[in-house]
file model_18.txt (compact mmCIF, C-alpha atoms and all ligand atoms)
# COMPACT_ATOMS: atom_id res chain seq x y z
CA MET A 1 132.85 -58.34 227.35
CA LEU A 2 130.99 -57.57 230.52
CA LEU A 3 129.09 -54.47 231.58
CA LYS A 4 128.79 -54.56 235.37
CA ASN A 5 127.27 -52.46 238.14
CA LEU A 6 124.39 -51.56 235.85
CA ARG A 7 120.76 -50.97 236.42
CA VAL A 8 118.89 -53.08 233.85
CA TRP A 9 115.48 -52.59 232.30
CA THR A 10 114.97 -55.75 230.30
CA GLY A 11 111.79 -54.66 228.52
CA GLU A 12 109.84 -57.52 230.12
CA ASP A 13 108.39 -55.65 233.11
CA ALA A 14 107.33 -52.19 234.24
CA THR A 15 110.27 -51.92 236.66
CA TYR A 16 114.03 -52.38 236.68
CA SER A 17 115.28 -55.90 237.15
CA ASP A 18 115.85 -56.87 240.77
CA VAL A 19 117.86 -59.88 239.58
CA PHE A 20 120.25 -58.66 236.92
CA ASN A 21 122.91 -55.98 237.43
CA ALA A 22 125.31 -56.91 234.65
CA ILE A 23 125.20 -57.82 230.97
CA ARG A 24 127.54 -60.21 229.23
CA ILE A 25 128.11 -59.49 225.54
CA LEU A 26 129.12 -62.58 223.61
CA GLU A 27 131.33 -63.06 220.54
CA ASP A 28 128.34 -63.90 218.36
CA GLY A 29 126.73 -60.49 218.98
CA THR A 30 124.12 -61.73 221.45
CA PHE A 31 123.91 -60.87 225.14
CA GLU A 32 122.86 -62.30 228.43
CA PRO A 33 121.74 -60.38 231.53
CA ILE A 34 123.49 -61.80 234.60
CA GLN A 35 124.36 -61.03 238.22
CA SER A 36 127.72 -59.44 238.97
CA ASP A 37 128.81 -62.36 241.09
CA GLU A 38 128.78 -64.49 237.95
CA VAL A 39 131.71 -62.55 236.48
CA ARG A 40 134.34 -64.93 235.16
CA PRO A 41 137.98 -64.40 236.10
CA GLY A 42 139.88 -62.60 233.34
CA GLU A 43 136.73 -61.36 231.62
CA LEU A 44 137.03 -57.86 230.14
CA ALA A 45 134.69 -55.90 232.41
CA PHE A 46 133.55 -52.29 232.40
CA ASP A 47 132.23 -50.66 235.53
CA CYS A 48 128.98 -48.93 234.57
CA GLN A 49 128.17 -47.42 237.95
CA GLY A 50 125.35 -44.89 237.57
CA LEU A 51 124.20 -46.13 234.17
CA THR A 52 120.98 -47.83 233.15
CA ALA A 53 120.75 -50.33 230.28
CA LEU A 54 117.68 -50.49 228.05
CA PRO A 55 117.01 -52.49 224.88
CA GLY A 56 117.89 -50.50 221.73
CA LEU A 57 115.02 -48.35 220.49
CA ILE A 58 112.93 -49.23 217.45
CA ASP A 59 111.20 -46.68 215.20
CA ALA A 60 108.38 -48.57 213.49
CA HIS A 61 107.78 -46.01 210.74
CA VAL A 62 110.46 -44.07 208.87
CA HIS A 63 111.26 -43.11 205.27
CA LEU A 64 114.99 -43.21 204.79
CA GLY A 65 114.78 -41.71 201.33
CA LEU A 66 112.90 -38.58 202.36
CA ASP A 67 114.73 -35.43 203.40
CA PRO A 68 112.73 -33.72 206.18
CA GLU A 69 113.91 -30.34 204.90
CA VAL A 70 112.39 -30.91 201.45
CA THR A 71 108.65 -30.29 201.23
CA ASP A 72 108.12 -31.29 197.58
CA PRO A 73 107.59 -35.09 197.64
CA PHE A 74 108.49 -35.31 193.94
CA ALA A 75 111.92 -33.73 194.48
CA HIS A 76 113.71 -36.62 196.25
CA GLY A 77 113.84 -39.08 193.38
CA LYS A 78 115.39 -36.51 191.06
CA LEU A 79 118.78 -36.47 192.80
CA PRO A 80 121.52 -38.78 191.46
CA GLU A 81 121.34 -42.20 193.14
CA SER A 82 124.83 -41.89 194.60
CA ILE A 83 123.79 -38.72 196.44
CA GLN A 84 120.55 -40.26 197.67
CA LEU A 85 122.44 -43.32 198.94
CA GLU A 86 125.02 -41.19 200.75
CA ALA A 87 122.26 -39.19 202.46
CA MET A 88 120.52 -42.39 203.49
CA ARG A 89 123.71 -43.89 204.92
CA HIS A 90 124.24 -40.72 206.91
CA ARG A 91 120.69 -40.88 208.28
CA THR A 92 121.10 -44.48 209.45
CA LYS A 93 124.28 -43.51 211.28
CA MET A 94 122.62 -40.56 213.02
CA MET A 95 119.73 -42.79 214.04
CA LEU A 96 122.02 -45.43 215.47
CA HIS A 97 124.03 -42.87 217.44
CA ALA A 98 120.78 -41.53 218.89
CA GLY A 99 119.93 -44.98 220.23
CA ILE A 100 117.63 -46.23 217.45
CA THR A 101 119.09 -49.66 216.73
CA THR A 102 116.28 -50.78 214.40
CA ALA A 103 113.96 -48.90 212.05
CA ARG A 104 111.20 -50.05 209.74
CA ASP A 105 111.25 -48.19 206.44
CA LEU A 106 107.70 -47.88 205.13
CA GLY A 107 108.28 -46.73 201.63
CA GLY A 108 110.50 -45.41 198.91
CA GLY A 109 110.50 -45.50 195.15
CA ALA A 110 113.71 -47.14 193.98
CA TRP A 111 114.62 -49.73 196.66
CA LEU A 112 117.76 -47.71 197.51
CA GLU A 113 116.99 -48.19 201.21
CA LEU A 114 117.35 -51.94 200.62
CA THR A 115 120.87 -51.32 199.32
CA VAL A 116 121.71 -49.44 202.53
CA ARG A 117 119.99 -52.17 204.58
CA ASP A 118 122.23 -54.79 203.00
CA GLU A 119 125.38 -52.72 203.50
CA ILE A 120 124.51 -52.49 207.21
CA ARG A 121 123.70 -56.22 207.43
CA SER A 122 127.02 -57.17 205.88
CA GLY A 123 128.97 -54.79 208.12
CA LYS A 124 130.13 -52.60 205.23
CA HIS A 125 128.38 -49.60 206.77
CA GLN A 126 127.50 -48.87 210.39
CA GLY A 127 123.92 -47.75 210.82
CA THR A 128 120.59 -48.66 212.32
CA ARG A 129 119.28 -52.10 211.36
CA LEU A 130 116.59 -51.73 208.69
CA LEU A 131 113.47 -53.60 207.66
CA CYS A 132 112.17 -52.26 204.37
CA ALA A 133 108.82 -52.29 202.56
CA GLY A 134 109.95 -50.96 199.17
CA GLN A 135 107.19 -49.41 197.06
CA PRO A 136 103.86 -49.14 198.89
CA LEU A 137 100.81 -50.44 197.03
CA THR A 138 98.62 -47.44 196.20
CA SER A 139 95.77 -46.45 193.89
CA LEU A 140 96.13 -44.66 190.57
CA GLY A 141 97.30 -41.13 191.43
CA GLY A 142 96.88 -42.16 195.08
CA HIS A 143 98.98 -41.46 198.17
CA CYS A 144 102.70 -41.56 197.29
CA HIS A 145 101.96 -42.79 193.75
CA PHE A 146 105.26 -41.12 192.74
CA TRP A 147 107.02 -44.12 194.31
CA GLY A 148 105.70 -46.36 191.56
CA GLY A 149 103.32 -48.72 193.39
CA GLU A 150 100.10 -47.76 191.62
CA ALA A 151 97.37 -50.29 190.86
CA THR A 152 93.73 -50.12 189.78
CA THR A 153 92.77 -53.78 189.43
CA LEU A 154 93.45 -56.71 191.72
CA GLU A 155 95.77 -58.17 189.09
CA GLU A 156 97.83 -54.98 189.05
CA ALA A 157 97.86 -54.85 192.85
CA LEU A 158 99.25 -58.38 193.12
CA ALA A 159 101.85 -57.51 190.48
CA VAL A 160 103.01 -54.58 192.66
CA LEU A 161 103.39 -56.95 195.62
CA ASP A 162 105.25 -59.52 193.50
CA ARG A 163 107.62 -56.80 192.33
CA GLN A 164 108.48 -55.92 195.95
CA HIS A 165 109.00 -59.62 196.67
CA SER A 166 111.42 -59.92 193.76
CA LYS A 167 113.42 -56.98 195.15
CA GLY A 168 113.82 -58.67 198.53
CA VAL A 169 111.68 -56.51 200.81
CA ASP A 170 111.05 -57.42 204.46
CA LEU A 171 107.37 -56.54 204.59
CA ILE A 172 104.54 -55.07 202.51
CA LYS A 173 103.09 -51.58 202.87
CA ILE A 174 99.62 -50.72 201.59
CA MET A 175 98.20 -47.22 201.36
CA ALA A 176 94.63 -47.97 202.48
CA THR A 177 93.68 -44.27 202.43
CA GLY A 178 94.85 -41.02 200.94
CA GLY A 179 97.45 -38.90 202.67
CA SER A 180 98.39 -35.30 203.29
CA ILE A 181 101.67 -35.02 201.40
CA THR A 182 100.24 -36.14 198.04
CA PRO A 183 98.46 -33.44 196.05
CA GLY A 184 94.98 -34.56 194.99
CA SER A 185 94.83 -37.34 197.58
CA GLN A 186 92.28 -37.15 200.43
CA PRO A 187 93.24 -38.60 203.83
CA ALA A 188 89.60 -39.44 204.59
CA ASP A 189 89.13 -41.56 201.45
CA ALA A 190 89.67 -45.29 201.22
CA GLN A 191 91.85 -46.13 198.21
CA PHE A 192 90.77 -49.77 197.81
CA ASP A 193 87.59 -51.73 198.52
CA GLN A 194 87.39 -54.53 201.05
CA ALA A 195 87.75 -57.29 198.47
CA LEU A 196 90.99 -55.91 197.06
CA MET A 197 92.42 -55.31 200.53
CA ASP A 198 91.54 -58.88 201.55
CA HIS A 199 93.20 -60.35 198.47
CA ALA A 200 96.28 -58.15 198.72
CA VAL A 201 96.82 -58.94 202.40
CA ASN A 202 96.30 -62.67 201.81
CA HIS A 203 98.77 -62.56 198.94
CA ALA A 204 101.36 -60.76 201.08
CA ARG A 205 100.84 -63.27 203.90
CA ALA A 206 101.24 -66.18 201.49
CA LEU A 207 104.59 -64.70 200.46
CA GLY A 208 105.56 -64.64 204.14
CA TYR A 209 105.21 -60.93 204.88
CA GLU A 210 103.81 -58.80 207.66
CA VAL A 211 101.67 -55.96 206.31
CA ALA A 212 101.66 -52.30 207.35
CA ALA A 213 98.66 -50.24 206.24
CA HIS A 214 98.65 -46.46 206.01
CA CYS A 215 95.22 -45.45 207.36
CA HIS A 216 93.91 -41.97 208.10
CA GLY A 217 90.23 -42.34 207.19
CA VAL A 218 87.93 -44.61 209.13
CA ASP A 219 86.81 -46.58 206.04
CA GLY A 220 90.41 -47.46 205.24
CA ILE A 221 91.02 -48.41 208.88
CA ARG A 222 88.02 -50.76 208.63
CA HIS A 223 89.23 -52.37 205.42
CA ALA A 224 92.73 -52.85 206.82
CA ALA A 225 91.47 -54.27 210.12
CA HIS A 226 89.09 -56.73 208.47
CA ALA A 227 91.77 -57.78 206.00
CA GLY A 228 94.02 -58.57 208.98
CA VAL A 229 97.05 -56.36 208.48
CA THR A 230 99.84 -56.39 211.07
CA THR A 231 100.06 -52.68 211.87
CA ILE A 232 97.74 -49.74 211.27
CA GLU A 233 99.82 -46.63 210.64
CA HIS A 234 98.52 -43.25 211.85
CA CYS A 235 95.02 -44.54 212.69
CA SER A 236 93.71 -40.98 212.52
CA TRP A 237 89.95 -41.69 212.55
CA VAL A 238 89.30 -39.10 209.81
CA GLY A 239 85.89 -38.69 208.19
CA PRO A 240 83.58 -35.97 206.89
CA SER A 241 83.68 -34.10 210.23
CA GLY A 242 87.48 -33.96 210.28
CA TRP A 243 90.60 -35.46 211.88
CA GLY A 244 90.03 -37.71 214.84
CA LYS A 245 86.30 -37.12 214.78
CA HIS A 246 85.19 -40.59 213.68
CA PHE A 247 86.39 -42.95 216.39
CA ASP A 248 84.50 -46.24 216.13
CA ALA A 249 84.51 -48.34 219.32
CA ASP A 250 83.49 -51.57 217.56
CA LEU A 251 86.24 -51.15 215.00
CA ALA A 252 88.79 -50.42 217.74
CA ALA A 253 87.65 -53.63 219.46
CA THR A 254 88.16 -55.52 216.18
CA ILE A 255 91.69 -54.10 215.87
CA ALA A 256 92.43 -55.25 219.42
CA ALA A 257 90.80 -58.67 218.99
CA LYS A 258 92.82 -59.37 215.85
CA GLY A 259 96.06 -58.41 217.60
CA ILE A 260 96.71 -55.61 215.13
CA TRP A 261 99.17 -53.01 216.35
CA VAL A 262 98.43 -49.29 216.19
CA SER A 263 101.41 -47.20 215.06
CA PRO A 264 100.22 -43.63 215.70
CA THR A 265 103.29 -41.81 214.29
CA VAL A 266 103.37 -39.22 217.05
CA ASN A 267 106.31 -36.98 216.17
CA LEU A 268 107.92 -33.91 217.72
CA ASN A 269 105.58 -31.61 215.79
CA TRP A 270 102.77 -32.88 218.02
CA ARG A 271 104.27 -30.63 220.73
CA ARG A 272 102.08 -27.90 219.24
CA HIS A 273 99.07 -29.66 220.83
CA LEU A 274 100.58 -29.11 224.27
CA LYS A 275 99.79 -25.40 223.89
CA ASN A 276 96.16 -26.10 223.04
CA PRO A 277 94.37 -27.70 226.01
CA GLU A 278 91.21 -28.48 224.05
CA GLY A 279 93.06 -30.18 221.22
CA LEU A 280 95.27 -32.08 223.65
CA ALA A 281 92.26 -33.32 225.61
CA ALA A 282 90.64 -34.57 222.40
CA ILE A 283 93.79 -36.47 221.41
CA GLN A 284 94.14 -37.96 224.88
CA ALA A 285 90.47 -38.97 224.86
CA ARG A 286 90.96 -40.76 221.55
CA PHE A 287 94.01 -42.64 222.81
CA GLY A 288 92.07 -43.40 225.98
CA LYS A 289 89.23 -44.98 224.00
CA MET A 290 91.67 -47.04 221.92
CA LYS A 291 93.36 -48.24 225.10
CA GLN A 292 89.98 -49.05 226.63
CA ALA A 293 89.15 -51.13 223.55
CA GLY A 294 92.41 -53.04 224.13
CA CYS A 295 94.47 -51.55 221.29
CA ARG A 296 98.23 -51.82 221.73
CA PHE A 297 100.75 -49.33 220.40
CA VAL A 298 104.16 -49.21 218.83
CA ALA A 299 106.31 -46.07 218.80
CA SER A 300 106.79 -44.54 215.38
CA THR A 301 107.54 -41.11 213.92
CA ASP A 302 107.11 -41.15 210.11
CA ALA A 303 110.63 -39.65 210.00
CA GLY A 304 111.49 -38.13 206.65
CA ILE A 305 108.22 -36.27 206.11
CA PRO A 306 108.64 -32.48 206.30
CA ASN A 307 110.15 -31.41 209.60
CA VAL A 308 110.31 -34.89 211.13
CA PHE A 309 113.99 -35.80 211.49
CA HIS A 310 115.28 -39.34 211.36
CA ALA A 311 117.08 -39.44 214.69
CA ASP A 312 114.26 -37.86 216.71
CA LEU A 313 112.48 -40.92 218.14
CA PRO A 314 114.26 -40.70 221.55
CA LYS A 315 113.18 -37.05 221.92
CA THR A 316 109.68 -37.95 220.75
CA LEU A 317 108.95 -40.58 223.41
CA ASP A 318 108.17 -37.97 226.05
CA VAL A 319 105.64 -36.32 223.70
CA PHE A 320 104.14 -39.72 222.82
CA SER A 321 103.72 -40.55 226.52
CA MET A 322 101.85 -37.27 227.07
CA MET A 323 99.57 -37.70 224.04
CA ALA A 324 98.71 -41.33 224.76
CA GLU A 325 98.94 -40.97 228.55
CA LEU A 326 101.32 -43.88 228.83
CA SER A 327 103.77 -44.34 231.70
CA PRO A 328 107.48 -44.15 230.84
CA ALA A 329 107.69 -47.97 231.05
CA GLU A 330 104.68 -48.37 228.74
CA THR A 331 106.16 -45.86 226.31
CA LEU A 332 109.55 -47.59 226.30
CA THR A 333 107.79 -50.94 225.81
CA ALA A 334 106.07 -49.47 222.73
CA ALA A 335 109.52 -48.52 221.41
CA THR A 336 111.19 -51.86 222.19
CA ARG A 337 109.35 -55.09 222.93
CA ASN A 338 106.03 -54.15 221.27
CA ALA A 339 107.77 -52.82 218.18
CA ALA A 340 109.87 -55.98 217.88
CA GLU A 341 106.70 -58.08 218.06
CA ALA A 342 104.94 -55.93 215.48
CA LEU A 343 107.93 -56.21 213.16
CA GLY A 344 107.98 -59.98 213.59
CA VAL A 345 111.48 -59.98 215.09
CA SER A 346 110.81 -60.48 218.81
CA ASP A 347 112.89 -63.67 218.75
CA GLN A 348 115.95 -61.50 218.03
CA LEU A 349 115.21 -57.96 219.20
CA GLY A 350 113.34 -55.73 221.65
CA ARG A 351 114.40 -57.08 225.03
CA ILE A 352 117.51 -57.67 227.09
CA LYS A 353 117.26 -61.42 227.18
CA LYS A 354 119.71 -64.27 226.79
CA GLY A 355 120.32 -65.11 223.14
CA LEU A 356 118.84 -61.96 221.62
CA SER A 357 120.93 -59.53 219.55
CA ALA A 358 123.01 -57.34 221.86
CA ASP A 359 121.28 -54.09 220.89
CA LEU A 360 121.20 -51.82 223.90
CA ILE A 361 121.57 -48.27 225.05
CA LEU A 362 123.18 -46.99 228.23
CA VAL A 363 121.74 -43.85 229.74
CA GLU A 364 122.25 -41.76 232.86
CA GLY A 365 119.50 -41.00 235.34
CA ASP A 366 116.21 -42.81 235.75
CA PRO A 367 114.43 -43.30 232.41
CA LEU A 368 111.46 -45.01 234.07
CA THR A 369 110.81 -41.70 235.81
CA SER A 370 111.92 -39.30 233.07
CA LEU A 371 111.89 -40.33 229.42
CA ARG A 372 114.06 -37.32 228.64
CA GLU A 373 117.01 -39.40 229.89
CA VAL A 374 116.94 -41.49 226.69
CA GLU A 375 117.57 -38.38 224.58
CA THR A 376 121.29 -38.49 225.27
CA PRO A 377 122.57 -42.08 225.41
CA VAL A 378 126.06 -42.50 226.83
CA GLU A 379 126.63 -45.53 224.61
CA VAL A 380 124.71 -47.47 221.98
CA PHE A 381 125.47 -51.11 221.18
CA LEU A 382 124.42 -52.77 217.93
CA LYS A 383 124.96 -56.54 217.73
CA GLY A 384 127.33 -56.20 220.68
CA ARG A 385 129.47 -53.46 219.16
CA ALA A 386 129.82 -50.13 220.95
CA THR A 387 129.07 -47.47 218.34
CA LEU A 388 129.89 -44.26 220.22
CA GLY A 389 133.40 -45.34 221.16
CA LEU A 390 133.08 -45.29 224.93
CA PHE A 391 133.84 -49.00 225.36
CA ALA A 392 137.00 -49.99 223.50
CA GLN A 393 136.81 -53.62 222.39
ZN ZN B 401 104.93 -42.73 206.26
call {"tool": "encode", "arguments": {"input": "model_18.txt", "output": "structure tokens"}}
result
Amino acid sequence: MLLKNLRVWTGEDATYSDVFNAIRILEDGTFEPIQSDEVRPGELAFDCQGLTALPGLIDAHVHLGLDPEVTDPFAHGKLPESIQLEAMRHRTKMMLHAGITTARDLGGGAWLELTVRDEIRSGKHQGTRLLCAGQPLTSLGGHCHFWGGEATTLEEALAVLDRQHSKGVDLIKIMATGGSITPGSQPADAQFDQALMDHAVNHARALGYEVAAHCHGVDGIRHAAHAGVTTIEHCSWVGPSGWGKHFDADLAATIAAKGIWVSPTVNLNWRRHLKNPEGLAAIQARFGKMKQAGCRFVASTDAGIPNVFHADLPKTLDVFSMMAELSPAETLTAATRNAAEALGVSDQLGRIKKGLSADLILVEGDPLTSLREVETPVEVFLKGRATLGLFAQ
């Protein structure tokens, strides 16, 4: 199949391609950007005049098992598994239809999201492609302990990681600090010392995994950075003086030097900061300092936590660009190419490039001028299949 007369943003540059204006989708689910004069006679071609193609979006931080309308974190696991699975399938479908072709699930309690992941991989269910962390490693009574990943000693911590490995996870998640949704847990506090973090990350690496670390407090950020995790989630710079008040330039430089990605989980609720000029300026200053230190970002939402809906990433990008003062191209890069690199799948996903999985969205208008254009994709392709039904195959 061929999509012709397109404008193409490949994800490689800050501008639209001045070479490619068509995309060939191959039988094996990969694609190849081409020029329209390379169209083969008899090839099934669709005229996409007025549309722009972008790589499919990636949300680097979601929780498929959490219902955003439920505030009690203990409530989710109490539903029958069949109902939880059905809700999760539905969420992956909504995400895909919104243009999110890949999502990284950073924690659940019963590996049900892995079941849905496998159903999607095998083609039994149509939904966003998933990479799953299973149960996050956490301290006794620590952040999200209700998911079952508690450990006090190093031995127990490694056993938690081995259990995730035996379940077939795609990566490891470690709660390096406390979090807001867990009663009794303090976001500012580190949950593990440096030695345990080092051992746990080394163990995960030896098993072949990337590591995502949940980090609000600055001590936890330091432990995670020195241990060499792959992504730092939230990166909230919390300490005794409050949220965002403990930015550490040396530590930010370490994060950058080690090539660790920052996944700031800016979600739609951050719109509240737009009404508060002082708060907004403080957030922008913090992002500015991280950028100055060389930190690089991936787009992420923490979808599933109260009031953060699973399919919202496309609507969130505009807010993210305002908070982090990123251009539309930089923001889209954070949600495509950067995210694919951070997830360790850049050889398959994140760009419109020959041989990569044909995950792409078609939008109207000029998304490199207005990110709002990605909120309403005209069509979404996953592995070369049109999922909104516009392009009959
Ligand atoms: Zn989370």
call {"tool": "atom_distance", "arguments": {"input": "model_18.txt", "atom1": "atom CA of Glu364 of chain A", "atom2": "atom CA of Thr336 of chain A"}}
result
18.4 Å
call {"tool": "residues_around", "arguments": {"input": "model_18.txt", "residues": "segment 204-209 of chain A", "least_positions_apart": "3", "cutoff": "7 Å", "atoms": "all atoms listed in the file", "output": "MDAnalysis selection string"}}
result
chainID A and resid 161 170:172 200:201
call {"tool": "atom_distance", "arguments": {"input": "model_18.txt", "atom1": "atom CA of Asp59 of chain A", "atom2": "atom CA of Lys78 of chain A"}}
result
26.5 Å
call {"tool": "closest_residue", "arguments": {"input": "model_18.txt", "among": "A:Gly56, A:Gly77, A:Gly149, A:Pro306", "to": "ligand ZN 401 (chain B)", "atoms": "only C-alpha atoms and all ligand atoms"}}
result
A:Pro306
call {"tool": "residues_near_ligand", "arguments": {"input": "model_18.txt", "ligand": "ligand ZN 401 (chain B)", "cutoff": "9 Å", "atoms": "only C-alpha atoms and all ligand atoms", "output": "list in words"}}
result
His61, Val62, His63, Asp105, Leu106, Gly107, His214, Glu233, His234, Thr265, Thr301, Asp302, Ala303, Gly304 and Ile305 of chain A
call {"tool": "closest_residue", "arguments": {"input": "model_18.txt", "among": "A:Gly50, A:Pro55, A:Gly220, A:Gly142", "to": "Asp193 of chain A", "atoms": "all atoms listed in the file"}}
result
A:Gly220
call {"tool": "atom_distance", "arguments": {"input": "model_18.txt", "atom1": "atom CA of Leu326 of chain A", "atom2": "atom CA of Ala257 of chain A"}}
result
20.6 Å
call {"tool": "residues_around", "arguments": {"input": "model_18.txt", "residues": "Asp67 of chain A", "least_positions_apart": "5", "cutoff": "10 Å", "atoms": "all atoms listed in the file", "output": "PyMOL selection string"}}
result
chain A and resi 72-73+75-76+84+87-88+91+303-310
call {"tool": "residues_around", "arguments": {"input": "model_18.txt", "residues": "Asp198 of chain A", "least_positions_apart": "3", "cutoff": "8 Å", "atoms": "all atoms listed in the file", "output": "VMD selection string"}}
result
chain A and resid 194 to 195 201 to 202 223 226 to 228
call {"tool": "residues_near_point", "arguments": {"input": "model_18.txt", "point": "(120.5, -67.7, 223.5)", "cutoff": "8 Å", "atoms": "only C-alpha atoms", "output": "tab-separated table (two decimals) with C-alpha atoms, keeping the file's coordinate frame"}}
result
chain	number	residue	atom	x	y	z
A	30	THR	CA	124.12	-61.73	221.45
A	31	PHE	CA	123.91	-60.87	225.14
A	32	GLU	CA	122.86	-62.30	228.43
A	353	LYS	CA	117.26	-61.42	227.18
A	354	LYS	CA	119.71	-64.27	226.79
A	355	GLY	CA	120.32	-65.11	223.14
A	356	LEU	CA	118.84	-61.96	221.62
call {"tool": "closest_residue", "arguments": {"input": "model_18.txt", "among": "A:Met197, A:Ala151, A:Ala45, A:Ala358", "to": "Thr102 of chain A", "atoms": "all atoms listed in the file"}}
result
A:Ala358
call {"tool": "residues_around", "arguments": {"input": "model_18.txt", "residues": "Leu382 of chain A", "least_positions_apart": "2", "cutoff": "9 Å", "atoms": "all atoms listed in the file", "output": "ChimeraX atom specification"}}
result
/A:29,56,96,101,127-129,357-361,380,384-387
call {"tool": "residues_around", "arguments": {"input": "model_18.txt", "residues": "Thr331 of chain A", "least_positions_apart": "3", "cutoff": "8 Å", "atoms": "only C-alpha atoms", "output": "list in words"}}
result
Ala299, Leu317, Phe320, Ser321, Leu326, Ser327, Pro328, Ala334 and Ala335 of chain A
call {"tool": "write_last_selection", "arguments": {"input": "model_18.txt", "atoms": "C-alpha atoms", "output": "PDB file, in the frame of the given file"}}
result
ATOM      1  CA  ALA A 299     106.310 -46.070 218.800  1.00  0.00           C
ATOM      2  CA  LEU A 317     108.950 -40.580 223.410  1.00  0.00           C
ATOM      3  CA  PHE A 320     104.140 -39.720 222.820  1.00  0.00           C
ATOM      4  CA  SER A 321     103.720 -40.550 226.520  1.00  0.00           C
ATOM      5  CA  LEU A 326     101.320 -43.880 228.830  1.00  0.00           C
ATOM      6  CA  SER A 327     103.770 -44.340 231.700  1.00  0.00           C
ATOM      7  CA  PRO A 328     107.480 -44.150 230.840  1.00  0.00           C
ATOM      8  CA  ALA A 334     106.070 -49.470 222.730  1.00  0.00           C
ATOM      9  CA  ALA A 335     109.520 -48.520 221.410  1.00  0.00           C
TER      10      ALA A 335
END
call {"tool": "closest_residue", "arguments": {"input": "model_18.txt", "among": "A:Glu330, A:Glu69, A:Asp312, A:Asp189", "to": "Thr376 of chain A", "atoms": "only C-alpha atoms"}}
result
A:Asp312
call {"tool": "residues_near_point", "arguments": {"input": "model_18.txt", "point": "(94.4, -52.5, 218.2)", "cutoff": "8 Å", "atoms": "all atoms listed in the file", "output": "ChimeraX atom specification"}}
result
/A:252-262,290,293-297
call {"tool": "write_last_selection", "arguments": {"input": "model_18.txt", "atoms": "C-alpha atoms", "output": "PDB file, in the coordinates of the input"}}
result
ATOM      1  CA  ALA A 252      88.790 -50.420 217.740  1.00  0.00           C
ATOM      2  CA  ALA A 253      87.650 -53.630 219.460  1.00  0.00           C
ATOM      3  CA  THR A 254      88.160 -55.520 216.180  1.00  0.00           C
ATOM      4  CA  ILE A 255      91.690 -54.100 215.870  1.00  0.00           C
ATOM      5  CA  ALA A 256      92.430 -55.250 219.420  1.00  0.00           C
ATOM      6  CA  ALA A 257      90.800 -58.670 218.990  1.00  0.00           C
ATOM      7  CA  LYS A 258      92.820 -59.370 215.850  1.00  0.00           C
ATOM      8  CA  GLY A 259      96.060 -58.410 217.600  1.00  0.00           C
ATOM      9  CA  ILE A 260      96.710 -55.610 215.130  1.00  0.00           C
ATOM     10  CA  TRP A 261      99.170 -53.010 216.350  1.00  0.00           C
ATOM     11  CA  VAL A 262      98.430 -49.290 216.190  1.00  0.00           C
ATOM     12  CA  MET A 290      91.670 -47.040 221.920  1.00  0.00           C
ATOM     13  CA  ALA A 293      89.150 -51.130 223.550  1.00  0.00           C
ATOM     14  CA  GLY A 294      92.410 -53.040 224.130  1.00  0.00           C
ATOM     15  CA  CYS A 295      94.470 -51.550 221.290  1.00  0.00           C
ATOM     16  CA  ARG A 296      98.230 -51.820 221.730  1.00  0.00           C
ATOM     17  CA  PHE A 297     100.750 -49.330 220.400  1.00  0.00           C
TER      18      PHE A 297
END
call {"tool": "closest_residue", "arguments": {"input": "model_18.txt", "among": "A:His199, A:His143, A:Asn276, A:Ala159", "to": "Cys215 of chain A", "atoms": "all atoms listed in the file"}}
result
A:His143
call {"tool": "closest_residue", "arguments": {"input": "model_18.txt", "among": "A:Gly141, A:Pro367, A:His165, A:Lys4", "to": "Ser185 of chain A", "atoms": "only C-alpha atoms"}}
result
A:Gly141
call {"tool": "decode", "arguments": {"input": "model_18.txt", "residues": "segment 163-171 of chain A", "atoms": "N, CA and C atoms", "output": "PDB file, in the first residue's frame"}}
result
ATOM      1  N   ARG A 163      11.542 -12.388  40.199  1.00  0.00           N
ATOM      2  CA  ARG A 163      10.128 -12.747  40.012  1.00  0.00           C
ATOM      3  C   ARG A 163       9.573 -12.050  38.764  1.00  0.00           C
ATOM      4  N   GLN A 164       9.941 -10.787  38.556  1.00  0.00           N
ATOM      5  CA  GLN A 164       9.461 -10.080  37.355  1.00  0.00           C
ATOM      6  C   GLN A 164      10.028 -10.754  36.103  1.00  0.00           C
ATOM      7  N   HIS A 165      11.301 -11.136  36.197  1.00  0.00           N
ATOM      8  CA  HIS A 165      11.964 -11.803  35.066  1.00  0.00           C
ATOM      9  C   HIS A 165      11.211 -13.088  34.707  1.00  0.00           C
ATOM     10  N   SER A 166      10.833 -13.850  35.740  1.00  0.00           N
ATOM     11  CA  SER A 166      10.159 -15.124  35.479  1.00  0.00           C
ATOM     12  C   SER A 166       8.781 -14.922  34.856  1.00  0.00           C
ATOM     13  N   LYS A 167       8.204 -13.731  35.053  1.00  0.00           N
ATOM     14  CA  LYS A 167       6.883 -13.441  34.479  1.00  0.00           C
ATOM     15  C   LYS A 167       6.977 -12.889  33.057  1.00  0.00           C
ATOM     16  N   GLY A 168       8.202 -12.591  32.611  1.00  0.00           N
ATOM     17  CA  GLY A 168       8.375 -12.130  31.237  1.00  0.00           C
ATOM     18  C   GLY A 168       8.192 -10.640  31.022  1.00  0.00           C
ATOM     19  N   VAL A 169       8.644  -9.834  31.998  1.00  0.00           N
ATOM     20  CA  VAL A 169       8.530  -8.378  31.837  1.00  0.00           C
ATOM     21  C   VAL A 169       9.492  -7.885  30.757  1.00  0.00           C
ATOM     22  N   ASP A 170       9.313  -6.611  30.358  1.00  0.00           N
ATOM     23  CA  ASP A 170      10.167  -6.003  29.338  1.00  0.00           C
ATOM     24  C   ASP A 170      11.212  -5.083  29.945  1.00  0.00           C
ATOM     25  N   LEU A 171      11.008  -4.673  31.168  1.00  0.00           N
ATOM     26  CA  LEU A 171      11.944  -3.780  31.841  1.00  0.00           C
ATOM     27  C   LEU A 171      11.690  -3.872  33.341  1.00  0.00           C
TER      28      LEU A 171
END
